[in-house]
Amino acid sequence: MKTSKSRNAHAAITKHLAGHKVELDTAEADAKSGETHITGKVWHPATIPGLGPINVELPVRGRVKVSRDGKVETVALSKPSHEEIEEARNYAASLAIHGEIEGVTGKTASAGPSTHHIEEGPDGQRRLKRKGFSAV
């Protein structure tokens, strides 16, 4: 019973956060406060030389309160700071310069296979995504 209840709360939180354009990564219930602590990501527009307009991933943290009947009552989310936004832009620019984005030729050759690629998001925006990595 408890598993079903937590699964329903998780589904309600995921759906509600999607309305705030937040993709849920983790959700951990806090029995003491009755809230769920969440981490996730939002996509922020950036214009990067050599890439043009793309969306970069930024972290978001917050708290969500779900009622007994499974409805989201309150949401408190952090907003990415100016520093986090700048850091993401600079990182994307560095990846482009060093040829680390699939299909993008950088100023210097990549030391191996590209680590990132650009994919289309659900609303058609171009997103910079990590492809994965392998340990050598």
# chains A, B, ... in the order shown; residues from 1 in each chain; ligands from 1
$ residues_around --residues "Leu77 in chain A" --least-positions-apart "2" --cutoff "7 Å" --atoms "only C-alpha atoms" --output "tab-separated table (two decimals) with C-alpha atoms, in the first residue's frame"
chain	number	residue	atom	x	y	z
A	60	VAL	CA	17.18	22.90	-9.77
A	61	ARG	CA	16.37	21.89	-6.20
A	62	GLY	CA	13.21	22.24	-4.20
A	63	ARG	CA	10.48	20.97	-1.92
A	75	VAL	CA	6.09	23.78	-4.67
A	79	LYS	CA	16.17	29.32	-9.65
$ residues_around --residues "range 98-107 of chain A" --least-positions-apart "3" --cutoff "6 Å" --atoms "only C-alpha atoms" --output "list in words"
Leu95, Ser110, Ser114, Thr115, His116 and His117 of chain A
$ write_last_selection --atoms "N, CA and C atoms" --output "compact mmCIF listing (two decimals), in the first residue's frame"
# COMPACT_ATOMS: atom_id res chain seq x y z
N LEU A 95 33.28 23.19 -24.93
CA LEU A 95 33.04 21.93 -25.65
C LEU A 95 33.07 22.14 -27.16
N SER A 110 39.47 16.97 -31.11
CA SER A 110 39.12 16.25 -29.89
C SER A 110 40.12 15.13 -29.67
N SER A 114 33.49 12.27 -29.38
CA SER A 114 32.79 13.40 -28.76
C SER A 114 32.04 12.94 -27.51
N THR A 115 31.95 13.83 -26.55
CA THR A 115 31.30 13.52 -25.28
C THR A 115 29.86 14.02 -25.22
N HIS A 116 29.50 14.91 -26.12
CA HIS A 116 28.18 15.53 -26.12
C HIS A 116 27.59 15.52 -27.53
N HIS A 117 26.30 15.73 -27.60
CA HIS A 117 25.61 15.87 -28.88
C HIS A 117 24.44 16.85 -28.68
$ select_by_dssp --residues "chain A" --states "alpha helix (DSSP H)" --output "ChimeraX atom specification"
/A:2-19,82-97
$ write_last_selection --atoms "N, CA and C atoms" --output "compact mmCIF listing (two decimals), in the first residue's frame"
# COMPACT_ATOMS: atom_id res chain seq x y z
N LYS A 2 1.89 1.26 0.87
CA LYS A 2 2.75 2.41 0.96
C LYS A 2 3.50 2.67 -0.35
N THR A 3 3.93 1.59 -1.03
CA THR A 3 4.63 1.72 -2.30
C THR A 3 3.74 2.36 -3.34
N SER A 4 2.49 1.93 -3.41
CA SER A 4 1.53 2.49 -4.35
C SER A 4 1.32 3.98 -4.09
N LYS A 5 1.23 4.34 -2.81
CA LYS A 5 1.02 5.74 -2.42
C LYS A 5 2.23 6.59 -2.84
N SER A 6 3.44 6.08 -2.59
CA SER A 6 4.63 6.85 -2.95
C SER A 6 4.79 6.92 -4.47
N ARG A 7 4.40 5.86 -5.17
CA ARG A 7 4.45 5.86 -6.63
C ARG A 7 3.49 6.90 -7.19
N ASN A 8 2.29 6.98 -6.59
CA ASN A 8 1.30 7.97 -7.02
C ASN A 8 1.80 9.39 -6.75
N ALA A 9 2.43 9.59 -5.59
CA ALA A 9 2.98 10.92 -5.27
C ALA A 9 4.08 11.28 -6.25
N HIS A 10 4.94 10.31 -6.56
CA HIS A 10 6.03 10.56 -7.51
C HIS A 10 5.47 10.95 -8.88
N ALA A 11 4.45 10.24 -9.33
CA ALA A 11 3.83 10.55 -10.62
C ALA A 11 3.20 11.94 -10.60
N ALA A 12 2.54 12.30 -9.50
CA ALA A 12 1.92 13.62 -9.38
C ALA A 12 2.98 14.72 -9.40
N ILE A 13 4.09 14.48 -8.70
CA ILE A 13 5.18 15.46 -8.66
C ILE A 13 5.80 15.61 -10.04
N THR A 14 6.08 14.50 -10.71
CA THR A 14 6.68 14.54 -12.05
C THR A 14 5.80 15.34 -13.01
N LYS A 15 4.50 15.07 -13.00
CA LYS A 15 3.56 15.76 -13.89
C LYS A 15 3.49 17.25 -13.55
N HIS A 16 3.40 17.56 -12.26
CA HIS A 16 3.30 18.96 -11.85
C HIS A 16 4.56 19.75 -12.23
N LEU A 17 5.72 19.16 -11.98
CA LEU A 17 6.98 19.85 -12.29
C LEU A 17 7.15 20.04 -13.80
N ALA A 18 6.64 19.11 -14.59
CA ALA A 18 6.71 19.27 -16.05
C ALA A 18 6.00 20.55 -16.47
N GLY A 19 4.94 20.91 -15.76
CA GLY A 19 4.25 22.16 -16.03
C GLY A 19 5.10 23.38 -15.74
N HIS A 82 22.84 33.49 -11.70
CA HIS A 82 23.55 34.07 -12.85
C HIS A 82 24.87 33.33 -13.06
N GLU A 83 25.54 32.98 -11.97
CA GLU A 83 26.82 32.27 -12.06
C GLU A 83 26.65 30.88 -12.68
N GLU A 84 25.59 30.17 -12.28
CA GLU A 84 25.33 28.84 -12.86
C GLU A 84 25.04 28.94 -14.35
N ILE A 85 24.29 29.96 -14.75
CA ILE A 85 23.97 30.16 -16.16
C ILE A 85 25.24 30.47 -16.95
N GLU A 86 26.06 31.37 -16.44
CA GLU A 86 27.32 31.71 -17.11
C GLU A 86 28.24 30.51 -17.21
N GLU A 87 28.32 29.74 -16.13
CA GLU A 87 29.17 28.55 -16.13
C GLU A 87 28.72 27.55 -17.21
N ALA A 88 27.42 27.35 -17.34
CA ALA A 88 26.89 26.43 -18.35
C ALA A 88 27.19 26.94 -19.76
N ARG A 89 27.05 28.25 -19.97
CA ARG A 89 27.37 28.83 -21.28
C ARG A 89 28.85 28.65 -21.61
N ASN A 90 29.70 28.96 -20.64
CA ASN A 90 31.15 28.83 -20.86
C ASN A 90 31.54 27.38 -21.11
N TYR A 91 30.92 26.46 -20.40
CA TYR A 91 31.21 25.04 -20.59
C TYR A 91 30.81 24.61 -22.00
N ALA A 92 29.62 25.01 -22.46
CA ALA A 92 29.16 24.67 -23.81
C ALA A 92 30.10 25.26 -24.86
N ALA A 93 30.53 26.50 -24.65
CA ALA A 93 31.45 27.14 -25.59
C ALA A 93 32.78 26.39 -25.63
N SER A 94 33.28 25.97 -24.47
CA SER A 94 34.53 25.21 -24.41
C SER A 94 34.40 23.87 -25.14
N LEU A 95 33.28 23.19 -24.93
CA LEU A 95 33.04 21.93 -25.65
C LEU A 95 33.07 22.14 -27.16
N ALA A 96 32.43 23.20 -27.61
CA ALA A 96 32.40 23.49 -29.05
C ALA A 96 33.79 23.80 -29.58
N ILE A 97 34.54 24.62 -28.86
CA ILE A 97 35.90 24.99 -29.29
C ILE A 97 36.81 23.78 -29.40
$ residues_around --residues "range 25-35 of chain A" --least-positions-apart "3" --cutoff "8 Å" --atoms "only C-alpha atoms" --output "ChimeraX atom specification"
/A:10,38-41,63-66
$ atom_distance --atom1 "CA of Thr74 in chain A" --atom2 "CA of His37 in chain A"
12.0 Å
$ select_by_dssp --residues "range 3-130 of chain A" --states "strand (DSSP E)" --output "tab-separated table (two decimals) with N, CA and C atoms, in the first residue's frame"
chain	number	residue	atom	x	y	z
A	23	GLU	N	12.47	18.85	-15.26
A	23	GLU	CA	12.57	17.40	-15.41
A	23	GLU	C	13.08	16.83	-14.08
A	24	LEU	N	12.28	15.99	-13.47
A	24	LEU	CA	12.60	15.43	-12.16
A	24	LEU	C	13.71	14.39	-12.25
A	25	ASP	N	14.72	14.53	-11.38
A	25	ASP	CA	15.79	13.52	-11.28
A	25	ASP	C	15.58	12.66	-10.04
A	26	THR	N	15.46	13.29	-8.86
A	26	THR	CA	15.26	12.54	-7.62
A	26	THR	C	14.14	13.15	-6.81
A	27	ALA	N	13.49	12.31	-6.02
A	27	ALA	CA	12.44	12.75	-5.10
A	27	ALA	C	12.56	11.90	-3.85
A	28	GLU	N	12.82	12.56	-2.73
A	28	GLU	CA	12.97	11.84	-1.46
A	28	GLU	C	12.02	12.42	-0.43
A	29	ALA	N	11.15	11.56	0.06
A	29	ALA	CA	10.17	11.99	1.06
A	29	ALA	C	10.85	12.26	2.40
A	30	ASP	N	10.41	13.30	3.07
A	30	ASP	CA	10.89	13.64	4.41
A	30	ASP	C	9.71	13.46	5.36
A	35	GLU	N	7.16	16.82	3.45
A	35	GLU	CA	7.49	17.32	2.12
A	35	GLU	C	8.36	16.29	1.39
A	36	THR	N	8.48	16.49	0.10
A	36	THR	CA	9.38	15.70	-0.71
A	36	THR	C	10.46	16.64	-1.23
A	37	HIS	N	11.71	16.28	-0.98
A	37	HIS	CA	12.85	17.06	-1.49
A	37	HIS	C	13.17	16.55	-2.89
A	38	ILE	N	13.28	17.47	-3.82
A	38	ILE	CA	13.50	17.07	-5.22
A	38	ILE	C	14.77	17.71	-5.78
A	39	THR	N	15.34	17.04	-6.76
A	39	THR	CA	16.36	17.62	-7.62
A	39	THR	C	15.92	17.38	-9.05
A	40	GLY	N	16.30	18.25	-9.92
A	40	GLY	CA	15.93	18.10	-11.32
A	40	GLY	C	16.75	19.02	-12.19
A	41	LYS	N	16.25	19.23	-13.39
A	41	LYS	CA	16.94	20.12	-14.31
A	41	LYS	C	15.94	20.95	-15.10
A	42	VAL	N	16.40	22.12	-15.49
A	42	VAL	CA	15.66	22.99	-16.39
A	42	VAL	C	16.58	23.27	-17.58
A	43	TRP	N	15.97	23.65	-18.67
A	43	TRP	CA	16.74	23.97	-19.88
A	43	TRP	C	16.71	25.48	-20.08
A	44	HIS	N	17.91	26.05	-20.22
A	44	HIS	CA	18.03	27.50	-20.33
A	44	HIS	C	18.60	27.85	-21.70
A	45	PRO	N	18.00	28.82	-22.40
A	45	PRO	CA	18.51	29.20	-23.72
A	45	PRO	C	19.86	29.92	-23.62
A	46	ALA	N	20.72	29.61	-24.57
A	46	ALA	CA	22.03	30.26	-24.65
A	46	ALA	C	22.44	30.33	-26.12
A	47	THR	N	23.17	31.36	-26.47
A	47	THR	CA	23.74	31.45	-27.81
A	47	THR	C	25.23	31.25	-27.69
A	48	ILE	N	25.74	30.23	-28.35
A	48	ILE	CA	27.14	29.83	-28.25
A	48	ILE	C	27.80	29.99	-29.62
A	52	GLY	N	25.33	28.47	-32.23
A	52	GLY	CA	24.11	29.24	-32.37
A	52	GLY	C	23.24	29.06	-31.15
A	53	PRO	N	21.93	29.23	-31.30
A	53	PRO	CA	21.04	29.10	-30.14
A	53	PRO	C	20.85	27.63	-29.76
A	54	ILE	N	21.11	27.33	-28.50
A	54	ILE	CA	20.89	25.99	-27.95
A	54	ILE	C	20.34	26.16	-26.53
A	55	ASN	N	19.95	25.08	-25.93
A	55	ASN	CA	19.51	25.09	-24.54
A	55	ASN	C	20.48	24.26	-23.72
A	56	VAL	N	20.91	24.82	-22.59
A	56	VAL	CA	21.85	24.13	-21.72
A	56	VAL	C	21.12	23.71	-20.44
A	57	GLU	N	21.59	22.61	-19.87
A	57	GLU	CA	20.97	22.03	-18.68
A	57	GLU	C	21.47	22.74	-17.43
A	58	LEU	N	20.53	23.08	-16.54
A	58	LEU	CA	20.88	23.70	-15.26
A	58	LEU	C	20.17	22.96	-14.13
A	59	PRO	N	20.84	22.83	-12.98
A	59	PRO	CA	20.23	22.11	-11.87
A	59	PRO	C	19.17	22.95	-11.16
A	60	VAL	N	18.20	22.26	-10.59
A	60	VAL	CA	17.18	22.90	-9.77
A	60	VAL	C	16.92	21.99	-8.56
A	61	ARG	N	16.66	22.61	-7.44
A	61	ARG	CA	16.37	21.89	-6.20
A	61	ARG	C	15.08	22.46	-5.63
A	62	GLY	N	14.43	21.69	-4.79
A	62	GLY	CA	13.21	22.24	-4.20
A	62	GLY	C	12.51	21.28	-3.25
A	63	ARG	N	11.33	21.74	-2.82
A	63	ARG	CA	10.48	20.97	-1.92
A	63	ARG	C	9.06	20.98	-2.48
A	64	VAL	N	8.41	19.85	-2.35
A	64	VAL	CA	7.04	19.70	-2.84
A	64	VAL	C	6.20	19.07	-1.73
A	65	LYS	N	5.00	19.55	-1.56
A	65	LYS	CA	4.06	18.97	-0.58
A	65	LYS	C	2.91	18.38	-1.38
A	66	VAL	N	2.65	17.09	-1.13
A	66	VAL	CA	1.57	16.38	-1.82
A	66	VAL	C	0.51	16.03	-0.79
A	72	VAL	N	-0.63	17.85	-5.75
A	72	VAL	CA	0.46	18.72	-5.32
A	72	VAL	C	-0.16	19.98	-4.72
A	73	GLU	N	0.21	20.26	-3.47
A	73	GLU	CA	-0.32	21.44	-2.77
A	73	GLU	C	0.61	22.63	-2.89
A	74	THR	N	1.89	22.42	-2.63
A	74	THR	CA	2.86	23.52	-2.69
A	74	THR	C	4.14	23.07	-3.36
A	75	VAL	N	4.80	24.02	-4.02
A	75	VAL	CA	6.09	23.78	-4.67
A	75	VAL	C	6.98	24.97	-4.38
A	76	ALA	N	8.20	24.70	-3.95
A	76	ALA	CA	9.21	25.74	-3.76
A	76	ALA	C	10.45	25.28	-4.52
A	77	LEU	N	10.81	26.00	-5.58
A	77	LEU	CA	11.94	25.61	-6.42
A	77	LEU	C	13.02	26.69	-6.41
A	116	HIS	N	29.50	14.91	-26.12
A	116	HIS	CA	28.18	15.53	-26.12
A	116	HIS	C	27.59	15.52	-27.53
A	117	HIS	N	26.30	15.73	-27.60
A	117	HIS	CA	25.61	15.87	-28.88
A	117	HIS	C	24.44	16.85	-28.68
A	118	ILE	N	23.89	17.27	-29.80
A	118	ILE	CA	22.73	18.16	-29.74
A	118	ILE	C	21.52	17.35	-30.19
A	119	GLU	N	20.48	17.38	-29.36
A	119	GLU	CA	19.26	16.68	-29.73
A	119	GLU	C	18.07	17.62	-29.62
A	120	GLU	N	17.01	17.24	-30.25
A	120	GLU	CA	15.80	18.07	-30.22
A	120	GLU	C	14.96	17.71	-29.01
A	126	ARG	N	16.76	22.96	-29.43
A	126	ARG	CA	18.02	22.20	-29.52
A	126	ARG	C	18.64	22.14	-28.13
A	127	ARG	N	18.94	20.92	-27.65
A	127	ARG	CA	19.50	20.72	-26.31
A	127	ARG	C	20.88	20.10	-26.40
A	128	LEU	N	21.79	20.63	-25.61
A	128	LEU	CA	23.13	20.07	-25.50
A	128	LEU	C	23.07	18.97	-24.44
A	129	LYS	N	23.37	17.73	-24.83
A	129	LYS	CA	23.26	16.59	-23.92
A	129	LYS	C	24.58	15.81	-23.89
A	130	ARG	N	24.90	15.31	-22.72
A	130	ARG	CA	26.06	14.44	-22.56
A	130	ARG	C	25.71	13.07	-23.14
$ decode --residues "range 11-29 of chain A" --atoms "C-alpha atoms" --output "JSON list (two decimals), in the first residue's frame"
[["chain", "number", "residue", "atom", "x", "y", "z"],
["A", 11, "ALA", "CA", 3.83, 10.55, -10.62],
["A", 12, "ALA", "CA", 1.92, 13.62, -9.38],
["A", 13, "ILE", "CA", 5.18, 15.46, -8.66],
["A", 14, "THR", "CA", 6.68, 14.54, -12.05],
["A", 15, "LYS", "CA", 3.56, 15.76, -13.89],
["A", 16, "HIS", "CA", 3.30, 18.96, -11.85],
["A", 17, "LEU", "CA", 6.98, 19.85, -12.29],
["A", 18, "ALA", "CA", 6.71, 19.27, -16.05],
["A", 19, "GLY", "CA", 4.25, 22.16, -16.03],
["A", 20, "HIS", "CA", 7.08, 24.26, -14.58],
["A", 21, "LYS", "CA", 9.42, 22.89, -17.30],
["A", 22, "VAL", "CA", 11.38, 20.94, -14.69],
["A", 23, "GLU", "CA", 12.57, 17.40, -15.41],
["A", 24, "LEU", "CA", 12.60, 15.43, -12.16],
["A", 25, "ASP", "CA", 15.79, 13.52, -11.28],
["A", 26, "THR", "CA", 15.26, 12.54, -7.62],
["A", 27, "ALA", "CA", 12.44, 12.75, -5.10],
["A", 28, "GLU", "CA", 12.97, 11.84, -1.46],
["A", 29, "ALA", "CA", 10.17, 11.99, 1.06]]
